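Have a look at protein-v9.csv below; it lists CSV, C-alpha atoms and all ligand atoms.
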chain,number,residue,atom,x,y,z
O,1,MET,CA,-11.0,-120.2,20.1
O,2,THR,CA,-7.3,-121.0,19.4
O,3,LYS,CA,-5.2,-122.5,22.2
O,4,VAL,CA,-1.5,-121.4,22.2
O,5,LEU,CA,1.5,-122.4,24.4
O,6,LEU,CA,3.9,-119.7,25.5
O,7,THR,CA,7.2,-120.9,26.8
O,8,GLY,CA,8.7,-118.3,29.1
O,9,GLY,CA,5.3,-116.7,29.2
O,10,ALA,CA,5.9,-115.3,32.7
O,11,GLY,CA,8.8,-113.1,31.6
O,12,PHE,CA,8.8,-109.5,30.3
O,13,ILE,CA,7.8,-110.0,26.7
O,14,GLY,CA,5.9,-113.2,27.2
O,15,SER,CA,3.6,-111.7,29.9
O,16,HIS,CA,2.7,-108.7,27.7
O,17,THR,CA,2.1,-111.0,24.6
O,18,GLY,CA,0.1,-113.4,26.7
O,19,LEU,CA,-2.2,-110.6,27.7
O,20,THR,CA,-2.6,-109.4,24.1
O,21,LEU,CA,-3.4,-112.9,23.0
O,22,LEU,CA,-6.0,-113.4,25.8
O,23,GLU,CA,-7.6,-110.1,24.9
O,24,SER,CA,-7.9,-111.2,21.2
O,25,GLY,CA,-9.7,-114.4,22.2
O,26,HIS,CA,-7.0,-117.0,22.4
O,27,GLN,CA,-6.7,-119.5,25.2
O,28,VAL,CA,-3.1,-119.4,26.7
O,29,VAL,CA,-1.0,-122.0,28.3
O,30,VAL,CA,2.2,-120.8,29.9
O,31,VAL,CA,5.1,-123.0,30.8
O,32,ASP,CA,7.8,-121.2,32.8
O,33,ASP,CA,10.4,-122.2,35.4
O,34,PHE,CA,10.3,-118.7,37.0
O,35,SER,CA,14.1,-118.3,36.7
O,36,ASN,CA,13.5,-114.9,35.3
O,37,GLY,CA,9.7,-114.7,35.2
O,38,SER,CA,7.1,-114.2,37.9
O,39,ALA,CA,4.0,-115.9,39.2
O,40,GLU,CA,2.9,-112.4,40.2
O,41,ALA,CA,3.1,-111.3,36.6
O,42,MET,CA,0.8,-114.1,35.7
O,43,ARG,CA,-1.7,-113.2,38.4
O,44,ARG,CA,-1.8,-109.7,37.1
O,45,VAL,CA,-2.2,-110.8,33.5
O,46,ALA,CA,-5.2,-112.8,34.5
O,47,GLU,CA,-6.6,-109.8,36.4
O,48,LEU,CA,-6.1,-107.4,33.4
O,49,ALA,CA,-7.8,-110.0,31.1
O,50,GLY,CA,-10.7,-110.3,33.6
O,51,LEU,CA,-10.0,-114.0,34.3
O,52,GLY,CA,-10.4,-115.7,37.6
O,53,PRO,CA,-10.5,-117.1,40.2
O,54,TRP,CA,-7.4,-119.3,40.0
O,55,ARG,CA,-7.8,-123.0,40.5
O,56,GLN,CA,-5.0,-125.4,41.3
O,57,ALA,CA,-5.3,-128.6,39.3
O,58,SER,CA,-2.1,-130.2,40.5
O,59,THR,CA,1.0,-129.2,42.4
O,60,GLU,CA,2.5,-127.5,39.4
O,61,HIS,CA,-0.5,-126.4,37.4
O,62,TRP,CA,-3.0,-123.5,37.9
O,63,THR,CA,-5.8,-122.1,35.8
O,64,ALA,CA,-7.8,-118.9,35.7
O,65,ALA,CA,-10.8,-118.8,33.4
O,66,ASP,CA,-14.0,-116.9,32.6
O,67,PRO,CA,-17.5,-118.1,31.7
O,68,GLU,CA,-17.0,-117.1,28.0
O,69,GLY,CA,-14.2,-119.6,27.5
O,70,GLY,CA,-11.2,-117.4,28.2
O,71,ARG,CA,-8.5,-119.4,29.9
O,72,LEU,CA,-5.0,-118.9,31.2
O,73,THR,CA,-3.2,-122.0,32.4
O,74,LEU,CA,0.1,-121.8,34.2
O,75,ILE,CA,2.5,-124.7,34.4
O,76,ARG,CA,5.7,-124.5,36.4
O,77,GLY,CA,8.2,-126.4,34.2
O,78,ASP,CA,11.5,-126.3,32.3
O,79,VAL,CA,11.7,-126.3,28.5
O,80,ARG,CA,14.5,-128.8,28.7
O,81,SER,CA,12.2,-131.4,30.4
O,82,PRO,CA,10.2,-133.6,28.1
O,83,GLN,CA,7.8,-134.4,31.0
O,84,ASP,CA,7.1,-130.8,31.7
O,85,LEU,CA,6.6,-130.1,28.0
O,86,ASP,CA,4.2,-133.1,27.6
O,87,ARG,CA,2.2,-131.7,30.5
O,88,ALA,CA,2.0,-128.4,28.8
O,89,PHE,CA,0.8,-129.9,25.5
O,90,THR,CA,-1.8,-132.1,27.2
O,91,VAL,CA,-3.2,-129.9,29.9
O,92,ASP,CA,-7.0,-129.1,29.7
O,93,GLY,CA,-7.5,-131.5,26.8
O,94,GLY,CA,-4.4,-130.6,24.8
O,95,ASP,CA,-5.0,-129.4,21.2
O,96,ILE,CA,-2.3,-126.6,21.1
O,97,SER,CA,-2.4,-124.9,17.8
O,98,ALA,CA,0.9,-123.0,18.0
O,99,VAL,CA,3.8,-122.3,20.3
O,100,LEU,CA,5.4,-118.9,21.0
O,101,HIS,CA,8.9,-119.7,22.3
O,102,PHE,CA,10.1,-117.0,24.7
O,103,ALA,CA,11.9,-119.2,27.2
O,104,GLY,CA,15.6,-118.5,27.1
O,105,LEU,CA,18.5,-116.7,28.7
O,106,LYS,CA,19.3,-113.2,27.5
O,107,ALA,CA,22.1,-111.5,29.3
O,108,VAL,CA,25.1,-110.9,27.0
O,109,GLY,CA,27.7,-110.6,29.8
O,110,GLU,CA,26.5,-113.7,31.6
O,111,SER,CA,26.6,-115.6,28.3
O,112,MET,CA,30.4,-114.9,28.1
O,113,THR,CA,31.1,-116.4,31.5
O,114,GLN,CA,28.5,-119.2,31.4
O,115,PRO,CA,28.4,-120.3,27.7
O,116,LEU,CA,27.3,-123.9,28.5
O,117,ARG,CA,24.2,-122.7,30.4
O,118,TYR,CA,23.3,-120.5,27.4
O,119,TRP,CA,23.7,-123.3,24.9
O,120,ASP,CA,21.9,-125.7,27.1
O,121,VAL,CA,18.8,-123.5,27.9
O,122,ASN,CA,18.6,-121.7,24.5
O,123,VAL,CA,19.6,-124.4,22.1
O,124,THR,CA,18.9,-127.7,23.9
O,125,GLY,CA,15.7,-126.2,25.2
O,126,THR,CA,14.6,-125.5,21.6
O,127,VAL,CA,15.5,-129.0,20.5
O,128,ARG,CA,13.4,-130.5,23.4
O,129,LEU,CA,10.6,-128.2,22.4
O,130,LEU,CA,10.7,-129.2,18.8
O,131,GLU,CA,10.7,-132.9,19.8
O,132,ALA,CA,7.6,-132.3,22.0
O,133,MET,CA,5.9,-130.5,19.1
O,134,GLY,CA,6.6,-133.6,17.0
O,135,ARG,CA,5.0,-135.9,19.7
O,136,HIS,CA,1.9,-133.7,19.9
O,137,GLY,CA,1.4,-132.9,16.2
O,138,CYS,CA,2.1,-129.1,16.4
O,139,GLN,CA,4.0,-127.5,13.6
O,140,THR,CA,3.5,-123.8,14.2
O,141,LEU,CA,6.1,-121.8,16.1
O,142,VAL,CA,6.9,-118.2,16.7
O,143,PHE,CA,10.5,-117.7,17.9
O,144,SER,CA,12.0,-114.8,19.9
O,145,SER,CA,15.1,-114.0,17.9
O,146,SER,CA,17.2,-110.8,18.2
O,147,ALA,CA,18.8,-108.0,16.3
O,148,THR,CA,21.9,-109.1,18.2
O,149,LEU,CA,22.4,-111.4,15.2
O,150,TYR,CA,23.5,-108.5,13.1
O,151,GLY,CA,26.5,-107.8,15.3
O,152,THR,CA,28.2,-104.5,15.0
O,153,THR,CA,27.2,-103.7,11.4
O,154,ASP,CA,27.5,-100.1,10.0
O,155,GLN,CA,24.4,-100.7,7.9
O,156,VAL,CA,21.5,-98.3,8.7
O,157,PRO,CA,18.8,-99.3,8.7
O,158,ILE,CA,19.3,-103.1,8.9
O,159,PRO,CA,17.2,-105.3,6.6
O,160,GLU,CA,16.6,-109.0,7.3
O,161,THR,CA,19.0,-109.8,4.5
O,162,ALA,CA,22.0,-108.2,6.3
O,163,PRO,CA,24.7,-110.7,7.1
O,164,LEU,CA,24.5,-112.5,10.4
O,165,GLN,CA,27.6,-112.0,12.5
O,166,PRO,CA,26.8,-112.4,16.2
O,167,ILE,CA,29.7,-111.5,18.5
O,168,ASN,CA,28.9,-113.2,21.9
O,169,PRO,CA,27.6,-116.6,23.1
O,170,TYR,CA,24.1,-115.2,23.6
O,171,GLY,CA,24.1,-114.1,19.9
O,172,TYR,CA,25.6,-117.5,18.8
O,173,THR,CA,22.8,-119.4,20.5
O,174,LYS,CA,20.1,-117.2,18.8
O,175,ALA,CA,21.9,-117.8,15.4
O,176,ALA,CA,22.1,-121.5,16.1
O,177,VAL,CA,18.3,-121.7,16.9
O,178,GLU,CA,17.5,-119.8,13.7
O,179,ARG,CA,19.6,-122.3,11.7
O,180,LEU,CA,18.0,-125.2,13.5
O,181,LEU,CA,14.5,-123.9,12.8
O,182,THR,CA,15.4,-123.3,9.1
O,183,ASP,CA,16.6,-127.0,8.9
O,184,VAL,CA,13.5,-128.2,10.6
O,185,ALA,CA,11.3,-126.2,8.3
O,186,ALA,CA,13.0,-127.7,5.3
O,187,SER,CA,12.9,-131.3,6.7
O,188,ALA,CA,9.2,-132.0,6.4
O,189,PRO,CA,6.1,-130.3,4.9
O,190,GLY,CA,3.7,-128.5,7.1
O,191,TRP,CA,6.0,-126.3,9.3
O,192,ARG,CA,4.9,-122.7,9.9
O,193,ILE,CA,7.7,-120.8,11.6
O,194,ALA,CA,8.2,-117.1,12.3
O,195,LEU,CA,11.6,-115.9,13.4
O,196,LEU,CA,11.0,-112.5,14.9
O,197,ARG,CA,14.2,-110.4,15.4
O,198,TYR,CA,13.5,-107.9,18.2
O,199,PHE,CA,15.4,-104.6,18.3
O,200,ASN,CA,15.2,-102.9,21.8
O,201,PRO,CA,11.9,-103.8,23.5
O,202,VAL,CA,11.2,-101.4,26.4
O,203,GLY,CA,8.3,-99.8,28.3
O,204,ALA,CA,5.4,-101.5,30.0
O,205,HIS,CA,1.7,-102.1,29.8
O,206,PRO,CA,0.0,-98.7,30.2
O,207,SER,CA,-1.8,-99.9,33.4
O,208,GLY,CA,1.5,-100.0,35.2
O,209,ARG,CA,0.5,-103.5,36.5
O,210,ILE,CA,3.1,-105.5,34.4
O,211,GLY,CA,6.5,-104.5,33.2
O,212,GLU,CA,10.2,-105.5,33.1
O,213,ASP,CA,11.6,-106.8,36.3
O,214,PRO,CA,15.3,-107.8,35.7
O,215,ASN,CA,17.1,-110.0,38.1
O,216,GLY,CA,19.9,-108.1,39.8
O,217,LEU,CA,21.7,-105.2,38.1
O,218,PRO,CA,20.0,-104.4,34.8
O,219,ASN,CA,22.2,-104.8,31.8
O,220,ASN,CA,20.1,-102.7,29.5
O,221,LEU,CA,19.6,-98.9,29.4
O,222,PHE,CA,15.9,-98.6,29.9
O,223,PRO,CA,15.4,-100.7,33.0
O,224,PHE,CA,18.6,-99.2,34.5
O,225,LEU,CA,17.3,-95.7,33.9
O,226,CYS,CA,13.9,-96.6,35.4
O,227,GLN,CA,15.7,-97.8,38.5
O,228,VAL,CA,17.7,-94.6,38.7
O,229,ALA,CA,14.5,-92.6,38.5
O,230,ALA,CA,13.0,-94.8,41.3
O,231,GLY,CA,16.0,-94.2,43.5
O,232,ARG,CA,17.3,-97.8,43.4
O,233,ARG,CA,20.5,-96.7,41.6
O,234,ARG,CA,22.4,-93.6,42.2
O,235,HIS,CA,23.2,-92.6,38.6
O,236,LEU,CA,23.2,-93.8,35.0
O,237,GLN,CA,26.5,-94.5,33.3
O,238,VAL,CA,26.3,-93.5,29.6
O,239,PHE,CA,28.6,-95.9,27.8
O,240,GLY,CA,30.6,-93.7,25.4
O,241,GLY,CA,30.2,-90.0,24.4
O,242,ASP,CA,32.5,-90.3,21.3
O,243,TRP,CA,30.4,-92.5,19.0
O,244,PRO,CA,30.0,-91.2,15.4
O,245,THR,CA,26.4,-90.2,16.1
O,246,PRO,CA,24.9,-86.7,16.3
O,247,ASP,CA,25.4,-86.3,20.1
O,248,GLY,CA,28.2,-88.9,20.5
O,249,THR,CA,26.0,-91.5,22.3
O,250,GLY,CA,24.8,-94.8,21.0
O,251,VAL,CA,21.7,-94.9,18.9
O,252,ARG,CA,19.2,-97.8,19.1
O,253,ASP,CA,15.7,-98.7,17.9
O,254,TYR,CA,13.5,-98.8,21.0
O,255,LEU,CA,10.1,-100.3,20.6
O,256,HIS,CA,7.2,-100.4,23.1
O,257,VAL,CA,6.6,-103.8,24.5
O,258,MET,CA,2.9,-103.6,23.6
O,259,ASP,CA,3.8,-102.9,20.0
O,260,LEU,CA,6.0,-106.0,20.1
O,261,ALA,CA,3.2,-108.0,21.8
O,262,GLU,CA,0.9,-107.0,19.0
O,263,GLY,CA,3.6,-108.0,16.4
O,264,HIS,CA,3.5,-111.5,17.9
O,265,GLY,CA,-0.3,-111.6,17.5
O,266,ARG,CA,0.0,-110.6,13.9
O,267,ALA,CA,2.7,-113.2,13.2
O,268,LEU,CA,0.6,-115.9,14.8
O,269,ASP,CA,-2.5,-115.0,12.8
O,270,LEU,CA,-0.6,-114.9,9.6
O,271,LEU,CA,1.1,-118.3,10.2
O,272,LEU,CA,-2.2,-119.9,11.0
O,273,ALA,CA,-4.0,-118.3,8.0
O,274,GLU,CA,-1.5,-118.8,5.2
O,275,PRO,CA,0.1,-122.0,3.8
O,276,PRO,CA,3.1,-123.4,5.7
O,277,GLN,CA,6.1,-121.1,5.4
O,278,ARG,CA,9.1,-119.8,7.3
O,279,LEU,CA,9.0,-116.1,7.9
O,280,THR,CA,11.9,-113.9,9.1
O,281,LEU,CA,11.0,-110.4,10.3
O,282,ASN,CA,12.6,-107.5,12.0
O,283,LEU,CA,10.4,-106.0,14.8
O,284,GLY,CA,11.5,-102.4,15.4
O,285,SER,CA,10.2,-98.9,14.9
O,286,GLY,CA,12.7,-97.9,12.1
O,287,ARG,CA,13.6,-94.9,14.2
O,288,GLY,CA,16.8,-94.4,16.2
O,289,HIS,CA,17.2,-92.6,19.4
O,290,SER,CA,20.5,-91.8,21.2
O,291,VAL,CA,21.1,-92.6,24.9
O,292,LEU,CA,20.8,-88.8,25.7
O,293,GLU,CA,17.6,-88.5,23.8
O,294,VAL,CA,16.1,-91.4,25.9
O,295,VAL,CA,17.3,-89.7,29.1
O,296,GLN,CA,15.9,-86.3,28.0
O,297,THR,CA,12.6,-87.7,26.8
O,298,PHE,CA,12.2,-89.7,30.1
O,299,GLU,CA,12.9,-86.5,32.1
O,300,ALA,CA,10.6,-84.3,30.1
O,301,THR,CA,7.7,-86.8,30.0
O,302,ASN,CA,7.8,-87.6,33.7
O,303,GLY,CA,9.1,-84.4,35.2
O,304,LEU,CA,12.2,-85.9,36.7
O,305,ARG,CA,15.9,-85.4,36.7
O,306,LEU,CA,18.1,-88.4,35.9
O,307,PRO,CA,21.7,-88.0,37.1
O,308,TYR,CA,24.2,-89.5,34.6
O,309,THR,CA,27.9,-89.5,33.8
O,310,VAL,CA,29.5,-90.3,30.5
O,311,VAL,CA,32.0,-93.1,30.8
O,312,ALA,CA,34.0,-95.3,28.4
O,313,ARG,CA,32.4,-97.3,25.7
O,314,ARG,CA,31.1,-100.8,26.6
O,315,PRO,CA,33.0,-103.6,24.8
O,316,GLY,CA,31.0,-105.1,22.0
O,317,ASP,CA,28.7,-102.1,21.5
O,318,SER,CA,28.1,-100.5,18.1
O,319,ALA,CA,27.3,-96.9,17.3
O,320,VAL,CA,23.9,-97.4,15.7
O,321,SER,CA,21.4,-100.2,15.4
O,322,VAL,CA,18.1,-99.4,13.7
O,323,ALA,CA,15.7,-101.8,12.1
O,324,ASP,CA,14.4,-101.7,8.6
O,325,PRO,CA,10.9,-102.8,9.6
O,326,ARG,CA,9.3,-102.6,6.1
O,327,GLU,CA,9.1,-106.3,5.6
O,328,ALA,CA,7.0,-106.7,8.8
O,329,GLU,CA,4.6,-104.0,7.5
O,330,ARG,CA,4.4,-105.6,4.0
O,331,ARG,CA,3.9,-109.2,5.3
O,332,MET,CA,1.6,-108.6,8.2
O,333,GLY,CA,0.5,-105.0,8.2
O,334,TRP,CA,2.4,-104.3,11.4
O,335,ARG,CA,4.2,-101.2,12.5
O,336,THR,CA,4.9,-99.6,15.8
O,337,ARG,CA,2.3,-97.1,16.9
O,338,ARG,CA,3.7,-95.9,20.2
O,339,SER,CA,6.4,-93.2,20.6
O,340,LEU,CA,9.4,-92.8,22.8
O,341,ALA,CA,7.4,-90.5,25.0
O,342,ASP,CA,4.7,-93.3,25.4
O,343,ILE,CA,7.5,-95.7,26.3
O,344,CYS,CA,8.9,-93.4,28.9
O,345,ARG,CA,5.4,-92.6,30.4
O,346,ASP,CA,4.4,-96.3,30.6
O,347,GLY,CA,7.8,-97.5,31.7
O,348,TRP,CA,7.7,-95.0,34.6
O,349,ALA,CA,4.1,-95.8,35.5
O,350,TRP,CA,5.2,-99.4,36.0
O,351,GLN,CA,8.5,-98.6,37.8
O,352,SER,CA,7.0,-96.0,40.1
O,353,ALA,CA,4.1,-98.2,41.1
O,354,ASN,CA,6.4,-101.2,41.6
O,355,PRO,CA,9.8,-99.8,42.7
O,356,GLN,CA,11.0,-103.3,43.6
O,357,GLY,CA,9.3,-104.9,40.6
O,358,TYR,CA,7.3,-108.1,41.5
O,359,ARG,CA,9.9,-108.9,44.2
O,360,SER,CA,8.0,-108.6,47.4
O,361,ALA,CA,5.2,-110.9,46.1
O,362,GLU,CA,7.7,-113.3,44.6
O,363,LYS,CA,9.0,-114.4,48.0
O,364,GLU,CA,5.8,-116.4,48.3
O,365,PRO,CA,5.7,-119.9,46.6
O,366,ILE,CA,3.5,-119.6,43.5
O,367,GLY,CA,0.7,-121.7,45.0
O,368,GLU,CA,0.7,-119.6,48.1
O,369,LEU,CA,0.8,-116.5,46.1
O,370,ILE,CA,-2.3,-117.5,44.1
O,371,ARG,CA,-4.1,-118.9,47.1
O,372,ALA,CA,-3.3,-115.7,49.1
O,373,GLN,CA,-4.7,-113.5,46.4
O,374,HIS,CA,-7.9,-115.4,45.8
O,375,GLY,CA,-8.6,-116.8,49.2
O,376,SER,CA,-9.3,-120.2,47.9
O,401,LIG,N1,23.8,-98.0,27.6
O,401,LIG,C1,24.3,-97.0,28.5
O,401,LIG,N2,24.3,-97.3,29.8
O,401,LIG,C2,23.7,-98.4,30.4
O,401,LIG,C3,23.2,-99.4,29.5
O,401,LIG,C4,23.3,-99.2,28.1
O,401,LIG,O1,24.8,-96.0,28.0
O,401,LIG,O2,23.8,-98.6,31.6
O,401,LIG,C5,23.8,-97.7,26.2
O,401,LIG,C6,24.5,-98.8,25.3
O,401,LIG,O3,25.8,-98.5,25.2
O,401,LIG,C7,23.7,-98.6,24.0
O,401,LIG,C8,22.3,-98.3,24.5
O,401,LIG,O4,22.4,-97.7,25.8
O,401,LIG,O5,24.2,-97.6,23.2
O,401,LIG,C9,21.3,-99.5,24.5
O,401,LIG,O6,21.9,-100.5,25.3
O,401,LIG,P1,21.1,-101.8,25.8
O,401,LIG,O7,22.0,-102.6,26.6
O,401,LIG,O8,19.8,-101.4,26.4
O,401,LIG,O9,20.8,-102.5,24.4
O,401,LIG,P2,21.7,-103.1,23.3
O,401,LIG,O10,23.1,-102.6,23.5
O,401,LIG,O11,21.6,-104.6,23.4
O,401,LIG,O12,21.1,-102.6,22.0
Encoded form using structure tokens:
Amino acid sequence: MTKVLLTGGAGFIGSHTGLTLLESGHQVVVVDDFSNGSAEAMRRVAELAGLGPWRQASTEHWTAADPEGGRLTLIRGDVRSPQDLDRAFTVDGGDISAVLHFAGLKAVGESMTQPLRYWDVNVTGTVRLLEAMGRHGCQTLVFSSSATLYGTTDQVPIPETAPLQPINPYGYTKAAVERLLTDVAASAPGWRIALLRYFNPVGAHPSGRIGEDPNGLPNNLFPFLCQVAAGRRRHLQVFGGDWPTPDGTGVRDYLHVMDLAEGHGRALDLLLAEPPQRLTLNLGSGRGHSVLEVVQTFEATNGLRLPYTVVARRPGDSAVSVADPREAERRMGWRTRRSLADICRDGWAWQSANPQGYRSAEKEPIGELIRAQHGS
């Protein structure tokens, strides 16, 4: 049984990946500061994986386990803190085989007004993590990169070899971390590193128990549209009806978060099975859908009407962004299996069952939340 550390494992992609890894027999340690992740998400991941009850081992450390050796450990901590990282690497006897590094800030607009915060959390956080990996003898890392690195290219679809030309501080920090990891991989033998460039991860676990729960006003189309459907927002604004696309609205490559989670599992298995290497892979479906197609598919799948108005283009957007995902299929036999209709069905199952996301439960301190749930 392999033990892996997930930084930011209580967030949207980390929680779904954590569940996938637990279900495939890994032990999972999560370190998260809960700035954009949720203890309630962790509680539900444990529940879906059949783990429990939770036990509190220290003020900042909880574990849910099963008799067969399944184990999810949660540590409240910051990736910029060497002490918090040391705790994550040594908890329950240590021996972390690999790190999946999800922790980071990801709102483009916010990155333009708070660049220092983005460089600090995303870049300094990764430096601190690599130092901790050095102290604890771990050289296997899967990094959450982004198709934002390709900027506003006209290339369709986009292969991994396309030029990197990010256009905002968020994108610059992702590019900087890719560069940093490339330098680290070249500096010493033994590093196994996967840079996974996500396109547009959306949807939710089909149970409707875990999903995306953005802080404040969602920046992205899919969570915004879910909140319109749930009555939390009055209507959707479609950014631009005059793009050079078949219906004039922007085209993106939306992939189901469970496909993305499985992609992480494959990348991890491959890194651990093969000789040391650095791998750069697009994770996308290879299919593009326009904003109006997403709206129509959501309406048709869920029997709802979504009010929208077409407004001006959003600065920094491009007409089309679609992955060439063939390298991921060639290297690790991975491709997306779920359709846009699956995404809309599962996304709505989550949003309709949790119209306020995890929020009501999140008001509780994490220890209280876990104690309240399990009565221990
Ligand atoms: N979009 C939109 N209204 C929104 C949010 C996004 O029309 O409220 C459009 C956006 O212009 C783009 C697509 O939806 O064409 C996906 O945007 P998102 O922010 O989700 O992802 P990204 O732009 O990062 O690919």
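The smallest atom-to-atom distance between O:His235 and any of O:Thr309, O:Thr126, O:Thr113, O:Thr161, using only C-alpha atoms, is found for O:Thr309.
Here atom CA of O:Met42 is placed at a distance of 20.3 Å from atom CA of O:Lys106.
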Could you give me, as a ChimeraX atom specification, every polymer residue with an atom at most 8 Å away from an atom of ligand LIG 401 (chain O), counting all atoms listed in the file? /O:148,199-200,218-225,236-240,249-253,290-291,310,313-314,317-321
Here is a test: counting all atoms listed in the file, which residue of O:Asp95, O:Glu40, O:Asp120, O:Asp66 is nearest to O:Thr2? O:Asp95
Please indicate the distance in Å from atom CA of O:Gln27 to atom CA of O:Glu329, rounded to one decimal place. 26.1 Å
